[in-house]
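**Student:** Supplied structure: start29.txt, compact mmCIF, C-alpha atoms.
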# COMPACT_ATOMS: atom_id res chain seq x y z
CA MET Z 1 12.99 -20.41 -4.17
CA ALA Z 2 11.54 -20.61 -0.68
CA ALA Z 3 9.55 -23.61 0.42
CA PRO Z 4 5.78 -23.14 0.89
CA ALA Z 5 6.28 -23.72 4.61
CA ASP Z 6 8.64 -20.72 4.77
CA ILE Z 7 6.19 -18.56 2.83
CA GLN Z 8 3.56 -19.52 5.36
CA ARG Z 9 5.95 -18.63 8.21
CA ILE Z 10 6.45 -15.13 6.81
CA GLN Z 11 2.70 -14.62 6.49
CA ASP Z 12 2.07 -15.97 10.00
CA ALA Z 13 4.78 -13.72 11.40
CA LEU Z 14 3.22 -10.72 9.65
CA THR Z 15 -0.19 -11.55 11.09
CA LEU Z 16 1.28 -11.58 14.62
CA VAL Z 17 3.27 -8.38 14.08
CA ASN Z 18 0.27 -6.60 12.57
CA GLN Z 19 -1.74 -7.59 15.65
CA ALA Z 20 0.92 -6.70 18.19
CA ILE Z 21 1.96 -3.25 16.94
CA PRO Z 22 -1.31 -1.36 17.57
CA VAL Z 23 -1.59 -2.92 21.04
CA VAL Z 24 1.99 -2.00 22.00
CA GLN Z 25 1.56 1.51 20.62
CA ALA Z 26 -1.68 1.99 22.55
CA ALA Z 27 0.01 0.64 25.68
CA VAL Z 28 2.60 3.44 25.51
CA ALA Z 29 -0.22 5.90 26.12
CA GLU Z 30 -1.73 3.73 28.84
CA ALA Z 31 1.51 3.23 30.76
CA GLN Z 32 1.99 5.65 33.64
CA ARG Z 33 5.68 5.25 34.41
CA PRO Z 34 8.08 6.90 31.93
CA GLU Z 35 10.37 3.84 32.15
CA ASP Z 36 7.48 1.64 31.02
CA LYS Z 37 6.73 4.02 28.15
CA LEU Z 38 10.38 3.84 27.18
CA ALA Z 39 10.48 0.03 27.17
CA LEU Z 40 7.24 -0.20 25.21
CA THR Z 41 8.37 2.41 22.69
CA GLU Z 42 11.59 0.48 22.11
CA THR Z 43 9.61 -2.73 21.59
CA GLY Z 44 7.25 -0.91 19.23
CA ILE Z 45 10.16 0.42 17.15
CA MET Z 46 11.67 -3.05 16.85
CA LEU Z 47 8.30 -4.54 15.89
CA VAL Z 48 7.94 -1.89 13.16
CA ASN Z 49 11.40 -2.76 11.88
CA ILE Z 50 10.51 -6.46 11.81
CA GLN Z 51 7.23 -5.60 10.07
CA THR Z 52 9.21 -3.61 7.50
CA THR Z 53 11.53 -6.54 6.78
CA LEU Z 54 8.61 -8.98 6.55
CA THR Z 55 6.64 -6.58 4.33
CA GLN Z 56 9.61 -6.21 2.02
CA ALA Z 57 9.85 -10.00 1.82
CA LEU Z 58 6.15 -10.26 1.06
CA ILE Z 59 6.16 -7.53 -1.59
CA ALA Z 60 9.28 -8.74 -3.28
CA THR Z 61 8.26 -12.33 -3.60
CA ASP Z 62 4.61 -13.19 -3.30
CA ASP Z 63 4.61 -16.97 -3.78
CA ASN Z 64 8.23 -16.93 -5.02
CA ILE Z 65 9.25 -15.64 -1.67
CA PHE Z 66 12.87 -14.79 -1.12
CA LEU Z 67 14.56 -15.11 2.20
CA ALA Z 68 17.65 -13.03 1.64
CA ASP Z 69 16.56 -10.95 4.63
CA THR Z 70 16.48 -13.92 6.97
CA ALA Z 71 19.70 -12.91 8.67
CA LYS Z 72 18.33 -9.42 9.24
CA LEU Z 73 15.13 -10.85 10.67
CA ARG Z 74 17.09 -13.11 12.99
CA ALA Z 75 19.12 -10.17 14.32
CA GLN Z 76 15.97 -8.14 14.87
CA ALA Z 77 14.33 -11.07 16.62
CA GLY Z 78 17.34 -11.34 18.93
CA ILE Z 79 16.89 -7.72 20.04
CA LEU Z 80 13.16 -8.25 20.39
CA GLN Z 81 13.76 -11.26 22.60
CA ALA Z 82 15.73 -9.12 25.05
CA GLN Z 83 13.03 -6.44 24.97
CA ALA Z 84 10.28 -9.01 25.48
CA SER Z 85 11.79 -9.97 28.82
CA GLN Z 86 11.84 -6.28 29.79
CA ILE Z 87 8.20 -5.65 28.92
CA GLN Z 88 7.26 -8.86 30.74
CA ASN Z 89 7.68 -6.76 33.89
CA ILE Z 90 5.09 -4.27 32.65
CA VAL Z 91 2.35 -6.90 32.43
CA ASN Z 92 1.12 -6.07 35.92
CA THR Z 93 0.63 -2.39 35.13
CA VAL Z 94 -0.56 -2.58 31.53
CA GLY Z 95 -2.97 -5.49 31.12
CA GLN Z 96 -2.88 -5.81 27.34
CA ILE Z 97 0.83 -6.51 27.37
CA ALA Z 98 0.31 -10.08 28.61
CA GLN Z 99 -1.37 -10.82 25.30
CA VAL Z 100 1.46 -9.14 23.38
CA VAL Z 101 4.11 -11.17 25.23
CA GLY Z 102 2.33 -14.32 24.10
CA TRP Z 103 2.37 -13.11 20.49
CA LEU Z 104 6.06 -12.22 20.71
CA VAL Z 105 6.90 -15.73 21.93
CA GLN Z 106 5.03 -17.14 18.91
CA LEU Z 107 6.73 -14.63 16.60
CA LEU Z 108 10.20 -15.55 17.85
CA ALA Z 109 9.43 -19.23 17.35
CA ILE Z 110 8.30 -18.58 13.77
CA VAL Z 111 11.34 -16.46 12.88
CA GLY Z 112 13.58 -19.06 14.52
CA GLY Z 113 12.13 -21.67 12.17
CA LEU Z 114 13.18 -19.77 9.06
CA PRO Z 115 16.16 -21.19 7.16
CA MET W 116 -51.71 8.35 -53.16
CA THR W 117 -50.99 9.52 -49.68
CA ASP W 118 -51.56 6.03 -48.29
CA MET W 119 -49.28 4.44 -50.88
CA SER W 120 -46.56 7.00 -50.20
CA THR W 121 -46.76 6.27 -46.48
CA LEU W 122 -46.53 2.57 -47.13
CA ARG W 123 -43.49 3.02 -49.37
CA GLN W 124 -41.76 5.04 -46.67
CA PHE W 125 -42.55 2.50 -43.93
CA PRO W 126 -39.66 0.04 -44.52
CA THR W 127 -37.22 2.93 -44.81
CA THR W 128 -38.47 4.29 -41.50
CA ILE W 129 -37.96 0.90 -39.86
CA VAL W 130 -34.40 0.69 -41.20
CA ILE W 131 -33.58 4.20 -39.96
CA CYS W 132 -35.09 3.53 -36.54
CA THR W 133 -33.21 0.24 -36.25
CA CYS W 134 -29.99 1.95 -37.20
CA PHE W 135 -30.50 4.69 -34.62
CA ALA W 136 -31.29 2.14 -31.94
CA GLY W 137 -28.22 0.12 -32.86
CA CYS W 138 -25.97 3.13 -33.19
CA SER W 139 -27.29 4.53 -29.95
CA GLY W 140 -26.46 1.25 -28.16
CA LEU W 141 -23.01 1.15 -29.67
CA THR W 142 -22.34 4.78 -28.72
CA GLN W 143 -23.45 4.06 -25.18
CA ILE W 144 -21.04 1.14 -24.90
CA GLN W 145 -18.23 3.17 -26.47
CA ASP W 146 -18.88 6.00 -24.03
CA THR W 147 -18.93 3.62 -21.06
CA VAL W 148 -15.77 1.80 -22.15
CA THR W 149 -14.05 5.18 -22.53
CA LYS W 150 -14.91 5.85 -18.90
CA PHE W 151 -13.59 2.39 -17.99
CA ASP W 152 -10.31 3.38 -19.62
CA GLN W 153 -10.23 6.70 -17.77
CA GLY W 154 -10.96 4.93 -14.47
CA ALA W 155 -8.11 2.50 -15.08
CA HIS W 156 -5.68 5.36 -15.75
CA THR W 157 -6.78 7.27 -12.63
CA LEU W 158 -6.37 4.13 -10.57
CA SER W 159 -2.91 3.54 -12.02
CA THR W 160 -1.54 7.01 -11.25
CA THR W 161 -3.00 6.87 -7.74
CA GLN W 162 -1.39 3.48 -7.08
CA ILE W 163 2.02 4.92 -7.94
CA ALA W 164 1.43 8.03 -5.83
CA PHE W 165 0.51 5.75 -2.92
CA ALA W 166 3.72 3.74 -3.37
CA LYS W 167 5.75 6.96 -3.34
CA SER W 168 3.98 8.01 -0.15
CA ALA W 169 5.12 4.72 1.37
CA GLN W 170 8.69 5.65 0.44
CA THR W 171 8.34 9.06 2.06
CA ALA W 172 6.84 7.49 5.19
CA ASP W 173 9.74 5.06 5.34
CA CYS W 174 12.33 7.85 5.01
CA ASN W 175 10.61 9.98 7.65
CA PHE W 176 10.50 7.03 10.02
CA GLN W 177 14.19 6.34 9.42
CA PHE W 178 14.92 9.96 10.35
CA TYR W 179 12.94 9.85 13.61
CA GLU W 180 14.38 6.46 14.54
CA ASN W 181 17.87 7.82 13.94
CA VAL W 182 17.20 10.84 16.14
CA TRP W 183 15.75 8.53 18.79
CA ASN W 184 18.81 6.30 18.81
CA TYR W 185 21.14 9.29 18.76
CA SER W 186 19.39 10.92 21.70
CA LYS W 187 19.55 7.83 23.89
CA ALA W 188 23.25 7.21 23.28
CA ALA W 189 24.69 8.06 26.67
CA ASP W 190 28.29 7.60 25.70
CA PRO W 191 29.76 9.13 22.55
CA ALA W 192 31.76 5.94 22.01
CA PRO W 193 30.57 4.17 19.92
CA PRO W 194 28.87 7.20 18.40
CA ILE W 195 25.58 6.97 16.58
CA PRO W 196 25.85 9.50 13.75
CA LEU W 197 23.04 11.98 13.53
CA ALA W 198 21.74 12.05 9.94
CA LEU W 199 19.90 15.34 9.64
CA THR W 200 20.43 15.43 5.90
CA GLY W 201 21.57 13.02 3.24
CA PRO W 202 19.97 10.47 0.99
CA CYS W 203 17.46 7.96 2.25
CA VAL W 204 17.26 4.37 1.07
CA PRO W 205 13.65 3.21 1.35
CA GLU W 206 13.29 -0.32 2.62
CA VAL W 207 9.62 -1.11 2.22
CA MET W 208 8.94 0.26 -1.25
CA THR W 209 12.20 0.46 -3.12
CA ASN W 210 12.61 2.07 -6.53
CA ASP W 211 12.74 -1.46 -7.95
CA ASN W 212 9.43 -2.26 -6.28
CA ILE W 213 7.88 0.86 -7.79
CA ALA W 214 9.24 -0.05 -11.22
CA VAL W 215 7.62 -3.49 -11.03
CA ARG W 216 4.38 -1.95 -9.81
CA GLN W 217 4.49 0.52 -12.71
CA ASN W 218 4.88 -2.36 -15.15
CA LEU W 219 1.88 -4.19 -13.70
CA LEU W 220 -0.20 -1.02 -13.87
CA ASN W 221 0.98 -0.38 -17.42
CA ALA W 222 -0.40 -3.81 -18.32
CA ILE W 223 -3.77 -2.79 -16.87
CA THR W 224 -3.92 0.60 -18.59
CA LEU W 225 -2.74 -0.82 -21.94
CA TYR W 226 -5.50 -3.42 -21.61
CA ALA W 227 -8.09 -0.72 -20.88
CA ASP W 228 -6.85 1.26 -23.90
CA GLN W 229 -7.15 -1.88 -26.02
CA ILE W 230 -10.70 -2.63 -24.88
CA GLN W 231 -11.60 0.94 -25.76
CA ALA W 232 -10.12 0.41 -29.23
CA VAL W 233 -12.08 -2.83 -29.65
CA ALA W 234 -15.28 -0.98 -28.75
CA SER W 235 -14.61 1.70 -31.35
CA ALA W 236 -16.27 1.71 -34.76
CA ASP W 237 -12.86 1.83 -36.42
CA SER W 238 -12.02 -1.30 -38.40
CA ASP W 239 -8.42 -1.17 -37.17
CA LYS W 240 -8.41 -2.22 -33.52
CA THR W 241 -4.68 -1.87 -32.92
CA LEU W 242 -3.30 0.70 -30.50
CA SER W 243 -0.87 3.43 -31.49
CA ALA W 244 2.68 2.47 -32.46
CA LYS W 245 3.91 3.85 -29.14
CA SER W 246 1.47 1.72 -27.12
CA GLN W 247 2.19 -1.33 -29.25
CA ASP W 248 5.88 -0.80 -28.60
CA ALA W 249 5.25 -0.48 -24.86
CA ALA W 250 3.19 -3.67 -24.88
CA GLY W 251 5.92 -5.46 -26.82
CA LYS W 252 8.62 -4.42 -24.39
CA LEU W 253 6.47 -5.42 -21.41
CA ASN W 254 5.73 -8.77 -23.05
CA SER W 255 9.44 -9.46 -23.64
CA LEU W 256 10.29 -8.36 -20.12
CA ALA W 257 7.75 -10.72 -18.56
CA LYS W 258 8.73 -13.63 -20.83
CA SER W 259 12.39 -13.23 -19.87
CA HIS W 260 11.46 -13.11 -16.15
CA GLY W 261 12.57 -9.48 -16.19
CA LEU W 262 9.91 -8.13 -13.84
CA ILE W 263 12.55 -8.08 -11.17
CA GLU W 264 11.87 -7.17 -7.56
CA THR W 265 14.44 -6.18 -4.99
CA ASN W 266 17.17 -8.76 -4.46
CA GLY W 267 16.84 -9.96 -8.02
CA MET W 268 13.81 -12.19 -7.58
CA PRO W 269 11.15 -12.25 -10.30
CA VAL W 270 7.52 -11.59 -9.47
CA ALA W 271 5.24 -14.55 -8.94
CA ALA W 272 4.85 -16.84 -11.94
CA ALA W 273 1.10 -16.27 -12.04
CA VAL W 274 1.55 -12.47 -12.18
CA GLU W 275 4.14 -12.86 -14.89
CA ALA W 276 1.78 -15.07 -16.89
CA ALA W 277 -1.02 -12.52 -16.48
CA VAL W 278 1.16 -9.74 -17.91
CA ILE W 279 2.13 -11.98 -20.83
CA GLY W 280 -1.53 -12.86 -21.43
CA ILE W 281 -2.64 -9.23 -21.52
CA THR W 282 0.21 -8.02 -23.70
CA ASN W 283 -0.23 -10.96 -26.10
CA MET W 284 -3.79 -9.79 -26.63
CA ILE W 285 -2.61 -6.25 -27.39
CA LEU W 286 0.05 -7.46 -29.80
CA SER W 287 -2.50 -9.53 -31.74
CA ALA W 288 -5.25 -6.92 -31.61
CA LYS W 289 -5.90 -7.00 -35.35
CA GLN W 290 -7.72 -10.27 -34.82
CA LEU W 291 -10.02 -8.79 -32.17
CA SER W 292 -13.57 -7.95 -33.07
CA ASP W 293 -15.88 -8.84 -30.21
CA ILE W 294 -15.55 -6.76 -27.07
CA LYS W 295 -17.31 -9.28 -24.83
CA SER W 296 -15.07 -12.22 -25.72
CA SER W 297 -11.98 -9.98 -25.55
CA ALA W 298 -12.88 -8.86 -22.03
CA LYS W 299 -13.75 -12.39 -20.95
CA ALA W 300 -10.40 -13.70 -22.15
CA GLN W 301 -8.54 -11.29 -19.84
CA SER W 302 -10.76 -11.56 -16.80
CA ALA W 303 -8.54 -14.04 -14.93
CA ASN W 304 -5.38 -12.09 -15.79
CA LEU W 305 -6.82 -8.86 -14.40
CA ARG W 306 -7.94 -10.75 -11.28
CA THR W 307 -4.38 -12.06 -10.72
CA ILE W 308 -2.76 -8.64 -11.02
CA ALA W 309 -5.44 -7.01 -8.86
CA ASP W 310 -4.97 -9.66 -6.13
CA HIS W 311 -1.22 -9.03 -6.14
CA LEU W 312 -1.63 -5.25 -5.85
CA GLN W 313 -4.35 -5.52 -3.19
CA LEU W 314 -2.16 -7.68 -0.97
CA GLU W 315 0.69 -5.19 -1.31
CA ASN W 316 -1.51 -2.14 -0.73
CA MET W 317 -2.90 -3.32 2.57
CA GLN W 318 0.42 -4.48 4.02
CA ILE W 319 2.15 -1.27 2.93
CA ALA W 320 -0.64 0.73 4.54
CA LYS W 321 -0.34 -1.19 7.81
CA ASN W 322 3.41 -0.55 7.79
CA MET W 323 2.86 3.16 7.18
CA ALA W 324 0.29 3.35 10.00
CA ALA W 325 2.65 1.47 12.32
CA LYS W 326 5.45 3.91 11.54
CA ALA W 327 3.21 6.89 12.22
CA GLY W 328 2.22 5.32 15.55
CA SER W 329 5.82 4.59 16.44
CA VAL W 330 6.92 8.17 15.78
CA ALA W 331 4.06 9.38 17.97
CA ASN W 332 5.23 6.97 20.71
CA MET W 333 8.74 8.40 20.50
CA PHE W 334 7.42 11.91 21.07
CA GLU W 335 5.09 10.83 23.86
CA THR W 336 7.79 8.93 25.72
CA THR W 337 10.30 11.75 25.28
CA ILE W 338 7.82 14.19 26.77
CA ALA W 339 7.16 11.85 29.71
CA LEU W 340 10.88 11.53 30.39
CA VAL W 341 11.42 15.27 30.23
CA LYS W 342 8.51 15.78 32.58
CA GLN W 343 9.89 13.22 35.02
CA ASP W 344 13.23 14.99 35.04
CA GLY W 345 11.44 18.25 35.70
CA ILE W 346 9.68 16.81 38.71
CA LEU W 347 12.91 15.42 40.11
CA ILE W 348 14.62 18.75 39.64
CA SER W 349 11.81 20.57 41.40
CA LYS W 350 12.33 18.25 44.38
CA GLY W 351 16.03 18.94 44.35
CA GLN W 352 16.75 15.30 43.58
CA SER W 353 18.57 15.82 40.36
CA ALA W 354 20.93 18.38 38.97
CA PRO W 355 20.45 18.44 35.19
CA ALA W 356 18.31 21.50 34.61
CA ARG W 357 17.14 20.48 31.19
CA ALA W 358 13.44 20.41 31.63
CA ASN W 359 10.48 21.99 33.38
CA ASN W 360 6.77 22.01 32.82
CA PRO W 361 6.67 24.93 30.33
CA GLN W 362 9.28 23.09 28.29
CA VAL W 363 7.19 19.94 28.41
CA TYR W 364 4.27 21.93 27.11
CA LEU W 365 6.31 23.50 24.33
CA LEU W 366 7.78 20.14 23.40
CA ALA W 367 4.32 18.61 23.19
CA VAL W 368 3.07 21.45 21.00
CA SER W 369 6.06 21.28 18.72
CA ALA W 370 5.85 17.48 18.54
CA ARG W 371 2.24 17.70 17.46
CA GLN W 372 3.08 20.34 14.89
CA MET W 373 5.86 18.15 13.56
CA LEU W 374 3.50 15.18 13.29
CA LEU W 375 0.90 17.26 11.51
CA ASN W 376 3.46 18.57 9.07
CA THR W 377 5.24 15.34 8.26
CA PRO W 378 3.72 13.91 5.11
CA PRO W 379 2.56 11.22 4.77
CA LEU W 380 3.05 10.30 8.41
CA GLY W 381 1.08 13.46 9.11
CA VAL W 382 -1.97 12.82 11.24
CA GLY W 383 -5.21 14.71 10.98
CA MET W 384 -7.75 15.62 13.61
CA SER W 385 -10.93 13.55 13.68
CA ALA W 386 -14.35 15.03 14.44
CA THR W 387 -13.88 14.10 18.08
CA GLY W 388 -10.52 15.83 18.23
CA SER W 389 -8.42 12.71 18.52
CA LEU W 390 -5.46 12.08 16.31
CA VAL W 391 -6.12 9.82 13.34
CA GLN W 392 -3.35 7.54 12.11
CA GLN W 393 -5.27 5.29 9.78
CA ASP W 394 -5.19 7.47 6.65
CA SER W 395 -2.87 5.13 4.78
CA VAL W 396 -5.14 2.16 5.52
CA THR W 397 -8.16 4.14 4.27
CA VAL W 398 -6.36 5.01 1.03
CA ALA W 399 -5.29 1.38 0.57
CA SER W 400 -8.88 0.20 1.18
CA GLN W 401 -10.17 2.64 -1.41
CA LEU W 402 -7.46 1.60 -3.88
CA ASN W 403 -8.36 -2.05 -3.33
CA SER W 404 -12.06 -1.26 -3.86
CA ALA W 405 -11.15 0.48 -7.10
CA LEU W 406 -9.11 -2.56 -8.22
CA GLU W 407 -12.11 -4.75 -7.38
CA SER W 408 -14.34 -2.43 -9.42
CA LEU W 409 -11.92 -2.67 -12.33
CA VAL W 410 -12.19 -6.46 -12.36
CA SER W 411 -16.00 -6.28 -11.94
CA ALA W 412 -16.33 -3.71 -14.71
CA ASN W 413 -14.32 -5.93 -17.01
CA ASP W 414 -16.55 -8.89 -16.11
CA ALA W 415 -19.55 -6.67 -16.89
CA ILE W 416 -18.07 -5.88 -20.30
CA SER W 417 -17.78 -9.59 -20.99
CA ASN W 418 -21.15 -10.64 -19.57
CA ALA W 419 -23.65 -7.99 -18.69
CA SER W 420 -26.05 -5.82 -20.61
CA THR W 421 -25.26 -2.17 -21.28
CA GLY W 422 -27.15 -1.17 -18.12
CA GLY W 423 -25.06 -3.43 -15.89
CA LEU W 424 -21.90 -2.23 -17.55
CA ILE W 425 -22.71 1.43 -16.98
CA ALA W 426 -23.24 0.82 -13.27
CA GLU W 427 -19.98 -1.10 -12.85
CA VAL W 428 -17.94 1.46 -14.77
CA ALA W 429 -19.52 4.34 -12.83
CA ASP W 430 -18.47 2.53 -9.64
CA LEU W 431 -14.89 2.14 -10.95
CA VAL W 432 -14.62 5.81 -11.89
CA ALA W 433 -16.07 6.98 -8.57
CA ARG W 434 -13.79 4.75 -6.50
CA ALA W 435 -10.68 5.61 -8.52
CA GLN W 436 -11.40 9.33 -8.14
CA ALA W 437 -12.08 8.92 -4.42
CA ALA W 438 -8.79 7.05 -3.99
CA GLN W 439 -7.01 9.80 -5.91
CA ALA W 440 -8.50 12.50 -3.67
CA MET W 441 -7.64 10.55 -0.49
CA GLN W 442 -4.10 9.92 -1.70
CA ALA W 443 -3.68 13.62 -2.48
CA ALA W 444 -4.79 14.44 1.08
CA LEU W 445 -2.39 11.83 2.50
CA ALA W 446 0.53 13.31 0.59
CA LYS W 447 -0.15 16.88 1.74
Do you think you could lay out the structure here as structure tokens?

**Tutor:**
Amino acid sequence: MAAPADIQRIQDALTLVNQAIPVVQAAVAEAQRPEDKLALTETGIMLVNIQTTLTQALIATDDNIFLADTAKLRAQAGILQAQASQIQNIVNTVGQIAQVVGWLVQLLAIVGGLP
Amino acid sequence: MTDMSTLRQFPTTIVICTCFAGCSGLTQIQDTVTKFDQGAHTLSTTQIAFAKSAQTADCNFQFYENVWNYSKAADPAPPIPLALTGPCVPEVMTNDNIAVRQNLLNAITLYADQIQAVASADSDKTLSAKSQDAAGKLNSLAKSHGLIETNGMPVAAAVEAAVIGITNMILSAKQLSDIKSSAKAQSANLRTIADHLQLENMQIAKNMAAKAGSVANMFETTIALVKQDGILISKGQSAPARANNPQVYLLAVSARQMLLNTPPLGVGMSATGSLVQQDSVTVASQLNSALESLVSANDAISNASTGGLIAEVADLVARAQAAQAMQAALAK
């Protein structure tokens, strides 16, 4: 059974992902350069995949949270980390992305703290 | 003589009037509790339909993500297989998840059936043999930690206890006589199950909305890339003649048509003409309101007067029906 601290981590991660996804998806429309759209779309897809894994964890466990998907989350976070550095370059053209980059840093720290 | 006759009839008249008043009150409560039961059943079927929509959304997203990854693979080695057909394995709402959800909803509907039976004039308050059997199986399942989610984990202990509490009541229904105390005894159990379902509903809805948005992003970005190539070609800067402006237009039109026709990721047009992707969140909100009404209506059965009860049950029925209609539109 997962520790309460890990349950809290999953919920905190979901809060960040739920916040970040609509902003990233809106930024795709705002971005002018196709390359920026591409990078943001890739980040959005990975965030949706992470949200899916976290949602599955939440649904399947409630307070008896299971962390069998931790390895999957860690792999997804690794890809997201590489993408985060790519979208860092878009900050100058799409203002909202600065906020998202901050959330992603927090998200990666939370996922990294999972057992 | 006439006066005496009237006087003799007076007590009888009082008794008859009292009986009518009492019977009328009882009938009113029975009628309202019947509606409570109907509302609970409507809510239950809509919850399952919503969960199945989440599965469909997940499978559609998996398809578009696969196509996206396939299309960006520049080198055939290592190849990313294109899965145009074949089975889908939902990740967010698995068949196991739906089975657990169905069990929780069965506990709610069996409870609503039982409350209706308690409200009846019949001296035997037990449900049918079939319902008793269902309650017994559910009770055993919960007691043996058999409400298993994906990856073999049981549901939360509090949810398990709530299911046991409700089914215990159904299995000992012969002892029930007072509807108010019966409803009061299950108030906390209903609250626990409703909280669990509400949390799931909203997160599932956010995931569905995110997937719809992500698919739209894939289309939008693809169109932008095709357009860019077209511009380069028109300037003689690039050879691959795979795009031009008419193609971009056609791609955009077909992408929109695909989005509109992809249930339940399908997006509708708002009054202002913009695409709406929040349908799943709206359905989840309505489902959660209906769950809230269910708990409130049960509290009204245990506490309030007939008037208060009628209002709460009317609210439950209206919200459950609205959720059902919204879910039907989402699944189109």

**Student:** Just checking: using all atoms listed in the file, which residue out of W:Leu291, W:Leu220, W:Leu431, W:Ala339 ends up closest to Thr241 (chain W)?

**Tutor:** W:Leu291

**Student:** Kindly extract all protein, DNA and RNA residues lying within 8 Å of the coordinates (-7.1, 10.3, -9.0) given in the file, considering all atoms listed in the file, and supply them as a count of residues only.

**Tutor:** 11

**Student:** Could you tell me which of Z:Leu73, Z:Ile97, Z:Ala82, Z:Ala20 comes closest to chain W if we count all atoms listed in the file?

**Tutor:** Z:Ala20

**Student:** Identify which of the residues Z:Val48, Z:Ala31, Z:Leu108, Z:Val100 lies closest to Phe176 (chain W), counting only C-alpha atoms when measuring atom-to-atom distances.

**Tutor:** Z:Val48

**Student:** Counting all atoms listed in the file, which residues from chain W have an atom at most 8 Å from any atom of chain Z, and could you show them as a PyMOL selection string?

**Tutor:** chain W and resi 180+206-208+212+264-266+268-272+311+315+318-319+321-322+325-326+328-329+332-333+335-336+339-340+343

**Student:** Between CA of Gln153 (chain W) and CA of Gln301 (chain W), what is the spacing in Å?

**Tutor:** 18.2 Å

**Student:** For CA of Ala155 (chain W) and CA of Pro205 (chain W), determine how far apart the two atoms are, in Å to one decimal place.

**Tutor:**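 Pair CA of Ala155 (chain W) / CA of Pro205 (chain W) returns 27.3 Å.
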
**Student:** Within 8 Å of (3.7, -21.1, 14.8) (file coordinates; all atoms listed in the file), which protein or nucleic acid residues are there? I'd like them as an MDAnalysis selection string.

**Tutor:** chainID Z and resid 9 12 106:107 109:110
